[in-house]
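Content type PDB, C-alpha atoms and all ligand atoms, from the file protein21.pdb:
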ATOM      1  CA  MET R 111     189.870 106.756 180.165
ATOM      2  CA  SER R 112     188.080 109.249 177.908
ATOM      3  CA  SER R 113     189.711 112.219 176.208
ATOM      4  CA  TRP R 114     188.103 115.503 175.325
ATOM      5  CA  PHE R 115     188.547 118.072 172.561
ATOM      6  CA  GLU R 116     188.327 121.622 173.860
ATOM      7  CA  ALA R 117     187.310 124.393 171.489
ATOM      8  CA  SER R 118     188.103 127.813 172.888
ATOM      9  CA  TYR R 119     185.291 130.368 172.399
ATOM     10  CA  SER R 120     187.074 133.144 174.267
ATOM     11  CA  PRO R 121     189.726 133.330 176.997
ATOM     12  CA  GLY R 122     186.940 132.540 179.491
ATOM     13  CA  THR R 123     184.759 130.024 177.646
ATOM     14  CA  ARG R 124     185.363 126.590 176.115
ATOM     15  CA  LEU R 125     183.249 123.853 174.571
ATOM     16  CA  SER R 126     184.328 120.266 175.310
ATOM     17  CA  LEU R 127     183.442 117.295 173.120
ATOM     18  CA  ARG R 128     184.202 113.741 174.203
ATOM     19  CA  ILE R 129     186.340 111.980 171.611
ATOM     20  CA  THR R 130     185.347 108.410 170.822
ATOM     21  CA  ARG R 131     188.009 107.813 168.127
ATOM     22  CA  TRP R 132     190.938 109.851 166.866
ATOM     23  CA  LEU R 133     191.304 109.507 163.089
ATOM     24  CA  CYS R 134     194.052 111.822 161.907
ATOM     25  CA  THR R 135     196.350 114.723 162.637
ATOM     26  CA  ARG R 136     198.189 116.380 159.741
ATOM     27  CA  ARG R 137     200.337 119.473 159.705
ATOM     28  CA  SER R 138     200.155 121.297 156.380
ATOM     29  CA  PRO R 139     202.134 124.451 155.544
ATOM     30  CA  TYR R 140     198.988 126.417 156.542
ATOM     31  CA  GLN R 141     197.421 124.734 159.566
ATOM     32  CA  THR R 142     197.009 121.650 161.736
ATOM     33  CA  ILE R 143     194.201 119.380 160.571
ATOM     34  CA  ASP R 144     192.512 117.107 163.132
ATOM     35  CA  ILE R 145     189.672 114.699 162.456
ATOM     36  CA  PHE R 146     187.997 112.675 165.208
ATOM     37  CA  ASP R 147     184.706 111.065 166.165
ATOM     38  CA  THR R 148     182.588 112.363 169.055
ATOM     39  CA  ASP R 149     179.530 111.203 170.977
ATOM     40  CA  ASP R 150     177.121 113.971 170.075
ATOM     41  CA  PHE R 151     178.423 115.690 166.929
ATOM     42  CA  GLY R 152     179.642 112.685 164.936
ATOM     43  CA  ARG R 153     182.844 113.197 162.980
ATOM     44  CA  VAL R 154     184.562 116.558 163.476
ATOM     45  CA  LEU R 155     187.097 118.481 161.363
ATOM     46  CA  ALA R 156     189.136 120.986 163.374
ATOM     47  CA  LEU R 157     191.707 123.364 161.875
ATOM     48  CA  ASP R 158     194.248 124.858 164.278
ATOM     49  CA  GLY R 159     192.037 123.707 167.170
ATOM     50  CA  VAL R 160     188.885 125.403 165.808
ATOM     51  CA  ILE R 161     185.835 123.288 164.929
ATOM     52  CA  ASN R 162     185.224 123.845 161.214
ATOM     53  CA  VAL R 163     182.691 121.131 160.498
ATOM     54  CA  THR R 164     180.772 118.491 162.419
ATOM     55  CA  GLU R 165     178.821 115.768 160.633
ATOM     56  CA  ARG R 166     175.813 116.366 162.845
ATOM     57  CA  ASP R 167     175.144 120.042 162.088
ATOM     58  CA  GLU R 168     177.179 120.899 158.969
ATOM     59  CA  PHE R 169     174.004 120.849 156.854
ATOM     60  CA  ILE R 170     172.741 123.991 158.615
ATOM     61  CA  TYR R 171     175.836 126.053 157.865
ATOM     62  CA  HIS R 172     176.321 124.788 154.302
ATOM     63  CA  GLU R 173     172.662 125.097 153.297
ATOM     64  CA  MET R 174     172.393 128.659 154.597
ATOM     65  CA  LEU R 175     175.709 129.816 153.137
ATOM     66  CA  THR R 176     174.774 128.395 149.726
ATOM     67  CA  HIS R 177     171.035 128.425 149.067
ATOM     68  CA  VAL R 178     170.343 131.963 150.234
ATOM     69  CA  PRO R 179     172.346 133.526 147.357
ATOM     70  CA  LEU R 180     171.497 130.797 144.844
ATOM     71  CA  PHE R 181     167.757 131.277 145.342
ATOM     72  CA  VAL R 182     168.021 135.065 145.058
ATOM     73  CA  HIS R 183     169.962 135.048 141.776
ATOM     74  CA  PRO R 184     167.589 134.463 138.832
ATOM     75  CA  ARG R 185     169.940 132.069 137.017
ATOM     76  CA  PRO R 186     173.224 131.198 138.708
ATOM     77  CA  GLY R 187     175.394 129.385 136.179
ATOM     78  CA  ARG R 188     178.966 129.950 137.375
ATOM     79  CA  VAL R 189     179.841 129.725 141.055
ATOM     80  CA  LEU R 190     183.148 130.421 142.817
ATOM     81  CA  VAL R 191     183.667 128.815 146.243
ATOM     82  CA  ILE R 192     186.579 130.260 148.225
ATOM     83  CA  GLY R 193     187.974 127.979 150.951
ATOM     84  CA  GLY R 194     185.433 125.223 151.562
ATOM     85  CA  GLY R 195     187.972 122.393 151.223
ATOM     86  CA  ASP R 196     185.723 119.943 153.093
ATOM     87  CA  GLY R 197     183.383 119.996 150.063
ATOM     88  CA  GLY R 198     180.104 120.737 151.913
ATOM     89  CA  THR R 199     179.429 123.996 150.084
ATOM     90  CA  VAL R 200     180.189 122.495 146.660
ATOM     91  CA  ARG R 201     177.806 119.621 147.459
ATOM     92  CA  GLU R 202     175.023 122.122 148.162
ATOM     93  CA  VAL R 203     175.785 124.282 145.089
ATOM     94  CA  LEU R 204     175.394 121.233 142.858
ATOM     95  CA  LYS R 205     171.826 120.681 144.088
ATOM     96  CA  HIS R 206     170.926 123.528 141.684
ATOM     97  CA  PRO R 207     170.463 122.054 138.196
ATOM     98  CA  CYS R 208     171.096 125.471 136.567
ATOM     99  CA  VAL R 209     174.699 125.537 137.842
ATOM    100  CA  GLU R 210     177.083 124.805 134.983
ATOM    101  CA  LYS R 211     180.491 125.287 136.628
ATOM    102  CA  VAL R 212     181.849 125.448 140.163
ATOM    103  CA  LEU R 213     185.386 126.596 140.837
ATOM    104  CA  LEU R 214     186.771 125.796 144.295
ATOM    105  CA  VAL R 215     189.797 127.892 145.252
ATOM    106  CA  GLU R 216     191.288 126.348 148.378
ATOM    107  CA  ILE R 217     194.693 127.223 149.790
ATOM    108  CA  ASP R 218     195.333 123.861 151.445
ATOM    109  CA  ARG R 219     195.281 120.648 149.405
ATOM    110  CA  GLU R 220     195.694 118.655 152.641
ATOM    111  CA  VAL R 221     192.213 119.713 153.809
ATOM    112  CA  VAL R 222     190.700 118.383 150.593
ATOM    113  CA  ALA R 223     192.713 115.140 150.801
ATOM    114  CA  ALA R 224     191.754 114.530 154.448
ATOM    115  CA  SER R 225     188.090 115.318 153.727
ATOM    116  CA  ARG R 226     188.052 112.923 150.776
ATOM    117  CA  GLU R 227     189.435 110.228 153.060
ATOM    118  CA  TYR R 228     187.465 110.822 156.267
ATOM    119  CA  LEU R 229     184.446 113.000 155.412
ATOM    120  CA  PRO R 230     182.800 111.366 152.374
ATOM    121  CA  ALA R 231     179.368 112.801 153.211
ATOM    122  CA  LEU R 232     180.827 116.279 152.662
ATOM    123  CA  SER R 233     183.407 115.701 149.951
ATOM    124  CA  CYS R 234     181.151 113.442 147.832
ATOM    125  CA  ALA R 235     180.557 116.064 145.107
ATOM    126  CA  LEU R 236     184.180 117.191 144.613
ATOM    127  CA  GLY R 237     184.655 114.682 141.779
ATOM    128  CA  ASP R 238     181.635 115.978 139.820
ATOM    129  CA  PRO R 239     182.604 116.950 136.247
ATOM    130  CA  ARG R 240     181.229 120.461 136.794
ATOM    131  CA  VAL R 241     183.770 121.076 139.580
ATOM    132  CA  ASP R 242     187.303 122.434 139.123
ATOM    133  CA  ILE R 243     189.664 122.739 142.076
ATOM    134  CA  ARG R 244     192.575 125.190 142.272
ATOM    135  CA  TYR R 245     194.989 125.064 145.157
ATOM    136  CA  GLU R 246     195.895 128.695 145.600
ATOM    137  CA  ASP R 247     195.545 131.557 148.062
ATOM    138  CA  ALA R 248     192.206 133.092 147.092
ATOM    139  CA  VAL R 249     193.604 136.568 147.807
ATOM    140  CA  ARG R 250     196.021 136.059 144.952
ATOM    141  CA  PHE R 251     193.476 134.322 142.695
ATOM    142  CA  ILE R 252     190.826 137.028 143.017
ATOM    143  CA  ALA R 253     193.305 139.809 142.174
ATOM    144  CA  ARG R 254     193.468 138.394 138.629
ATOM    145  CA  PRO R 255     190.472 136.123 138.009
ATOM    146  CA  ASP R 256     190.270 134.534 134.557
ATOM    147  CA  GLN R 257     186.458 134.518 134.416
ATOM    148  CA  ALA R 258     183.349 136.179 135.907
ATOM    149  CA  PHE R 259     181.020 134.520 138.422
ATOM    150  CA  ASP R 260     177.311 134.810 139.148
ATOM    151  CA  ILE R 261     177.870 133.811 142.766
ATOM    152  CA  ILE R 262     180.928 133.996 145.036
ATOM    153  CA  ILE R 263     180.725 132.058 148.311
ATOM    154  CA  ILE R 264     183.454 132.626 150.894
ATOM    155  CA  ASP R 265     183.575 129.517 153.086
ATOM    156  CA  SER R 266     186.693 130.443 155.020
ATOM    157  CA  THR R 267     188.374 129.794 158.316
ATOM    158  CA  ASP R 268     188.426 132.563 160.936
ATOM    159  CA  PRO R 269     190.368 135.795 160.291
ATOM    160  CA  ALA R 270     193.105 134.531 162.648
ATOM    161  CA  GLY R 271     194.814 132.050 160.277
ATOM    162  CA  PRO R 272     195.387 131.804 156.511
ATOM    163  CA  GLY R 273     191.912 133.303 156.038
ATOM    164  CA  ALA R 274     192.931 136.751 157.332
ATOM    165  CA  GLY R 275     193.138 138.305 153.861
ATOM    166  CA  LEU R 276     189.605 137.122 153.004
ATOM    167  CA  PHE R 277     187.958 139.692 155.304
ATOM    168  CA  THR R 278     189.422 142.949 153.944
ATOM    169  CA  ALA R 279     187.915 145.725 151.821
ATOM    170  CA  ASP R 280     190.585 145.114 149.142
ATOM    171  CA  PHE R 281     189.539 141.484 148.922
ATOM    172  CA  TYR R 282     185.825 142.381 148.687
ATOM    173  CA  ARG R 283     186.666 144.953 145.994
ATOM    174  CA  ASN R 284     188.372 142.285 143.894
ATOM    175  CA  CYS R 285     185.432 139.927 144.475
ATOM    176  CA  ARG R 286     183.014 142.600 143.310
ATOM    177  CA  ALA R 287     185.064 143.092 140.155
ATOM    178  CA  ALA R 288     184.913 139.320 139.546
ATOM    179  CA  LEU R 289     181.109 139.211 139.770
ATOM    180  CA  ALA R 290     179.089 139.182 136.554
ATOM    181  CA  PRO R 291     176.255 141.770 136.348
ATOM    182  CA  GLY R 292     173.628 140.860 138.966
ATOM    183  CA  GLY R 293     176.183 138.793 140.886
ATOM    184  CA  ILE R 294     175.928 137.990 144.594
ATOM    185  CA  LEU R 295     178.553 137.349 147.275
ATOM    186  CA  THR R 296     177.981 135.540 150.558
ATOM    187  CA  ALA R 297     180.483 134.750 153.295
ATOM    188  CA  GLN R 298     180.552 133.231 156.718
ATOM    189  CA  SER R 299     181.008 136.228 159.001
ATOM    190  CA  GLU R 300     181.700 134.901 162.502
ATOM    191  CA  SER R 301     179.881 134.929 165.840
ATOM    192  CA  PRO R 302     177.922 138.084 166.701
ATOM    193  CA  PHE R 303     177.942 137.064 170.371
ATOM    194  CA  PHE R 304     181.641 136.347 170.961
ATOM    195  CA  ASP R 305     183.219 138.292 168.064
ATOM    196  CA  ALA R 306     181.049 141.394 167.750
ATOM    197  CA  ALA R 307     184.041 143.656 167.076
ATOM    198  CA  THR R 308     185.311 141.386 164.283
ATOM    199  CA  VAL R 309     181.839 141.108 162.828
ATOM    200  CA  GLY R 310     181.502 144.909 162.862
ATOM    201  CA  GLN R 311     184.827 145.223 161.011
ATOM    202  CA  ILE R 312     183.738 142.698 158.375
ATOM    203  CA  TYR R 313     180.523 144.631 157.625
ATOM    204  CA  ALA R 314     182.371 147.953 157.622
ATOM    205  CA  ALA R 315     184.902 146.569 155.115
ATOM    206  CA  ALA R 316     182.155 145.113 152.905
ATOM    207  CA  GLY R 317     180.204 148.379 153.196
ATOM    208  CA  ARG R 318     183.126 150.312 151.698
ATOM    209  CA  VAL R 319     182.733 148.190 148.551
ATOM    210  CA  PHE R 320     179.081 147.159 148.284
ATOM    211  CA  GLY R 321     176.311 149.684 148.904
ATOM    212  CA  ARG R 322     174.542 147.958 151.744
ATOM    213  CA  PRO R 323     175.880 144.660 153.022
ATOM    214  CA  ARG R 324     173.169 142.599 154.691
ATOM    215  CA  MET R 325     173.490 140.126 157.547
ATOM    216  CA  TYR R 326     171.533 136.955 158.022
ATOM    217  CA  THR R 327     171.914 134.355 160.746
ATOM    218  CA  ALA R 328     171.435 130.660 161.441
ATOM    219  CA  PHE R 329     171.672 128.472 164.498
ATOM    220  CA  VAL R 330     174.707 126.149 164.240
ATOM    221  CA  PRO R 331     175.019 124.284 167.576
ATOM    222  CA  SER R 332     178.730 123.411 167.305
ATOM    223  CA  TYR R 333     179.866 126.948 166.432
ATOM    224  CA  VAL R 334     180.929 129.554 168.959
ATOM    225  CA  SER R 335     177.709 130.392 170.901
ATOM    226  CA  GLY R 336     175.463 128.769 168.271
ATOM    227  CA  VAL R 337     174.333 131.967 166.563
ATOM    228  CA  TRP R 338     176.280 132.342 163.345
ATOM    229  CA  SER R 339     176.271 135.275 160.940
ATOM    230  CA  PHE R 340     176.502 135.392 157.151
ATOM    231  CA  LEU R 341     177.348 138.349 154.931
ATOM    232  CA  PHE R 342     175.179 138.997 151.845
ATOM    233  CA  CYS R 343     176.396 141.527 149.264
ATOM    234  CA  ALA R 344     174.857 142.459 145.934
ATOM    235  CA  ASP R 345     174.449 145.687 144.037
ATOM    236  CA  HIS R 346     170.770 145.542 143.135
ATOM    237  CA  CYS R 347     168.513 143.168 145.002
ATOM    238  CA  ASN R 348     166.509 142.697 148.142
ATOM    239  CA  PRO R 349     167.646 139.301 149.436
ATOM    240  CA  ALA R 350     164.586 138.700 151.602
ATOM    241  CA  ALA R 351     162.105 139.595 148.839
ATOM    242  CA  ASP R 352     163.786 138.572 145.564
ATOM    243  CA  PHE R 353     163.215 134.863 145.990
ATOM    244  CA  GLN R 354     163.086 132.358 143.131
ATOM    245  CA  SER R 355     160.061 130.495 144.378
ATOM    246  CA  GLU R 356     159.555 128.211 141.370
ATOM    247  CA  ARG R 357     163.131 126.951 141.396
ATOM    248  CA  TYR R 358     162.928 126.445 145.153
ATOM    249  CA  GLN R 359     159.702 124.399 144.955
ATOM    250  CA  ALA R 360     161.360 122.077 142.430
ATOM    251  CA  CYS R 361     164.074 120.987 144.893
ATOM    252  CA  ALA R 362     162.733 121.869 148.359
ATOM    253  CA  ALA R 363     162.840 118.220 149.442
ATOM    254  CA  ALA R 364     166.665 118.264 149.220
ATOM    255  CA  PHE R 365     167.074 120.596 152.229
ATOM    256  CA  ARG R 366     166.918 119.956 155.970
ATOM    257  CA  TYR R 367     167.313 123.471 157.411
ATOM    258  CA  TYR R 368     166.846 125.802 154.473
ATOM    259  CA  SER R 369     163.299 126.635 153.348
ATOM    260  CA  ASP R 370     161.439 129.604 151.882
ATOM    261  CA  ALA R 371     160.323 130.576 155.390
ATOM    262  CA  MET R 372     163.840 130.207 156.857
ATOM    263  CA  HIS R 373     165.227 132.301 153.998
ATOM    264  CA  ALA R 374     162.964 135.227 154.854
ATOM    265  CA  ALA R 375     163.296 134.807 158.625
ATOM    266  CA  ALA R 376     167.107 134.668 158.534
ATOM    267  CA  PHE R 377     167.297 138.358 157.566
ATOM    268  CA  ALA R 378     165.311 139.466 160.635
ATOM    269  CA  LEU R 379     167.938 140.513 163.182
ATOM    270  CA  PRO R 380     167.394 140.993 166.895
ATOM    271  CA  PRO R 381     168.230 144.533 168.053
ATOM    272  CA  TRP R 382     171.242 143.389 170.133
ATOM    273  CA  ILE R 383     172.986 142.054 167.020
ATOM    274  CA  LYS R 384     172.253 145.254 165.085
ATOM    275  CA  HIS R 385     173.644 147.400 167.890
ATOM    276  CA  GLN R 386     176.544 145.227 168.958
ATOM    277  CA  CYS R 387     177.818 144.648 165.430
ATOM    278  CA  ALA R 388     176.751 148.018 163.969
ATOM    279  CA  VAL R 389     174.869 146.459 161.040
TER     280      VAL R 389
HETATM  281  N1  LIG Y 401     182.742 126.103 157.871
HETATM  282  C1  LIG Y 401     184.011 126.457 158.274
HETATM  283  C2  LIG Y 401     184.123 127.381 159.425
HETATM  284  O1  LIG Y 401     183.853 128.559 159.292
HETATM  285  O2  LIG Y 401     184.468 126.940 160.493
HETATM  286  C3  LIG Y 401     184.934 126.746 157.139
HETATM  287  C4  LIG Y 401     185.254 125.429 156.525
HETATM  288  S1  LIG Y 401     186.415 125.270 155.259
HETATM  289  C5  LIG Y 401     187.255 123.829 155.837
HETATM  290  C6  LIG Y 401     187.590 126.592 155.448
HETATM  291  C7  LIG Y 401     188.727 126.495 154.442
HETATM  292  O3  LIG Y 401     189.205 127.792 154.105
HETATM  293  C8  LIG Y 401     189.940 125.719 154.949
HETATM  294  O4  LIG Y 401     190.039 124.504 154.265
HETATM  295  C9  LIG Y 401     191.121 126.643 154.651
HETATM  296  O5  LIG Y 401     192.259 125.965 154.181
HETATM  297  C10 LIG Y 401     190.529 127.574 153.616
HETATM  298  N2  LIG Y 401     191.236 128.858 153.490
HETATM  299  C11 LIG Y 401     191.694 129.635 154.504
HETATM  300  N3  LIG Y 401     192.334 130.706 154.000
HETATM  301  C12 LIG Y 401     192.271 130.618 152.654
HETATM  302  C13 LIG Y 401     192.750 131.428 151.593
HETATM  303  N4  LIG Y 401     193.437 132.563 151.839
HETATM  304  N5  LIG Y 401     192.500 131.041 150.317
HETATM  305  C14 LIG Y 401     191.804 129.903 150.059
HETATM  306  N6  LIG Y 401     191.344 129.093 151.027
HETATM  307  C15 LIG Y 401     191.562 129.437 152.322
END

Write out the structure in this file as structure tokens.
Amino acid sequence: MSSWFEASYSPGTRLSLRITRWLCTRRSPYQTIDIFDTDDFGRVLALDGVINVTERDEFIYHEMLTHVPLFVHPRPGRVLVIGGGDGGTVREVLKHPCVEKVLLVEIDREVVAASREYLPALSCALGDPRVDIRYEDAVRFIARPDQAFDIIIIDSTDPAGPGAGLFTADFYRNCRAALAPGGILTAQSESPFFDAATVGQIYAAAGRVFGRPRMYTAFVPSYVSGVWSFLFCADHCNPAADFQSERYQACAAAFRYYSDAMHAAAFALPPWIKHQCAV
């Protein structure tokens, strides 16, 4: 008898993955953590029933969330990752030799522990000496940061759970204050197809703080509808044009989805996304 994991996209749409092996269920003070193996997506991490990461396509999400800002900034030395307890974003950040320090602020130590145990391909860089981990609500951390960052990456769960406070104008305002001059913020910003209203609210909130928030997209097969959006905020740069080509050429072989061409193309939005999400 086979069992299936059902991810709900909307009240009327679900994605089902056949489970080949159940590995763990943990209930932390913040969420339920499930990890299991599947036929087509490999190992999956779900939080409160929502697919957060699959081994098969996580590289797409993590490369696009990370390398877009890191290849726009001329010299990113200090990087703050908010959420991201599976370690995939930190792994990608450390592919940049110019990065001196990465601070991961994750609310749930159980996500990090489970990822270290069951998702070594993602969590492999969390022990790097350049990485510090703080277990704290990032809303509280960013209200009184003890340092400035060149890049802030918000690798959060959906606005429904403990991540709710990470999508507000107040939060973006505190992030902006924590950026060093020339700093850049990126964030995962939900599905334009199934969550257009939420996406519109995210860009409106960011727009109250940063002059002109930009959206870019990537195709992540396991995420709601496949098309995923990312928020890009910076005071003075053109993310599609200000590209650090020399630094990219030096490590291009390390990426499977991200490239110079994908970087530029990701900022081209189809009209339905612009209209539906008011970006
Ligand atoms: N790629 C994923 C996605 O969008 O489906 C996100 C992955 S990562 C596992 C999300 C992390 O954000 C979770 O580990 C969760 O505990 C963390 N998180 C949620 N709210 C947070 C908060 N307020 N402060 C810090 N971390 C938070």

| message | At a cut-off of 7 Å, using all atoms listed in the file, what residues contact region 358-372 of chain R? Leave out same-chain residues fewer than 5 positions from it and give the result as a list in words. | response |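 Here the answer would be Ile170, Glu173, Met174 and Phe181 of chain R.
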
| query | What lies within 12 Å of Pro349 (chain R) using all atoms listed in the file, ignoring chain neighbours under 4 positions off, as a PyMOL selection string? | reply | chain R and resi 177-184+294-296+322-326+341-345+353-354+370+373-378

| request: Convert the output of the PyMOL selection byres (((not hetatm)) within 8 of (chain Y and resi 401)) on the shown file into explicit residues, formatted as a PyMOL selection string. | output: chain R and resi 140-141+155+157+160-163+168+171-172+192-197+215-219+221-222+245-249+265-268+271-276+298+300+333

I need the chosen residues saved as a compact mmCIF listing (two decimals), in the coordinates of the input, with C-alpha atoms.
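Output (selection_23.txt):
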# COMPACT_ATOMS: atom_id res chain seq x y z
CA TYR R 140 198.99 126.42 156.54
CA GLN R 141 197.42 124.73 159.57
CA LEU R 155 187.10 118.48 161.36
CA LEU R 157 191.71 123.36 161.88
CA VAL R 160 188.88 125.40 165.81
CA ILE R 161 185.84 123.29 164.93
CA ASN R 162 185.22 123.84 161.21
CA VAL R 163 182.69 121.13 160.50
CA GLU R 168 177.18 120.90 158.97
CA TYR R 171 175.84 126.05 157.86
CA HIS R 172 176.32 124.79 154.30
CA ILE R 192 186.58 130.26 148.22
CA GLY R 193 187.97 127.98 150.95
CA GLY R 194 185.43 125.22 151.56
CA GLY R 195 187.97 122.39 151.22
CA ASP R 196 185.72 119.94 153.09
CA GLY R 197 183.38 120.00 150.06
CA VAL R 215 189.80 127.89 145.25
CA GLU R 216 191.29 126.35 148.38
CA ILE R 217 194.69 127.22 149.79
CA ASP R 218 195.33 123.86 151.44
CA ARG R 219 195.28 120.65 149.40
CA VAL R 221 192.21 119.71 153.81
CA VAL R 222 190.70 118.38 150.59
CA TYR R 245 194.99 125.06 145.16
CA GLU R 246 195.90 128.70 145.60
CA ASP R 247 195.54 131.56 148.06
CA ALA R 248 192.21 133.09 147.09
CA VAL R 249 193.60 136.57 147.81
CA ASP R 265 183.58 129.52 153.09
CA SER R 266 186.69 130.44 155.02
CA THR R 267 188.37 129.79 158.32
CA ASP R 268 188.43 132.56 160.94
CA GLY R 271 194.81 132.05 160.28
CA PRO R 272 195.39 131.80 156.51
CA GLY R 273 191.91 133.30 156.04
CA ALA R 274 192.93 136.75 157.33
CA GLY R 275 193.14 138.30 153.86
CA LEU R 276 189.60 137.12 153.00
CA GLN R 298 180.55 133.23 156.72
CA GLU R 300 181.70 134.90 162.50
CA TYR R 333 179.87 126.95 166.43

| task | Find the residue from R:Arg283, R:Arg357, R:Arg137, R:Arg131 that sits nearest to Glu220 (chain R); use only C-alpha atoms when measuring. | result |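 Of R:Arg283, R:Arg357, R:Arg137, R:Arg131, the one nearest Glu220 (chain R), counting only C-alpha atoms, is R:Arg137.
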
| task | Give as a list in words the set of residues within 8 Å of the point (189.2, 122.3, 142.8), where distances use the file's coordinates and all atoms listed in the file. | result |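 Within the cut-off we find Leu213, Leu214, Val215, Glu216, Leu236, Val241, Asp242, Ile243, Arg244 and Tyr245 of chain R.
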
| task | Go through R:Ile145, R:Ala388, R:Ala224, R:Leu229 and flag the residue nearest Val309 (chain R), using all atoms listed in the file for the distances. | result |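 So, comparing all the options, the nearest one is R:Ala388.
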
Region 116-135 of chain R: axis-aligned bounding box, 4 Å on each side, centre and edge lengths in Å, one decimal, as JSON:
{"center_x": 189.8, "center_y": 120.6, "center_z": 170.7, "size_x": 21.1, "size_y": 33.5, "size_z": 25.6}
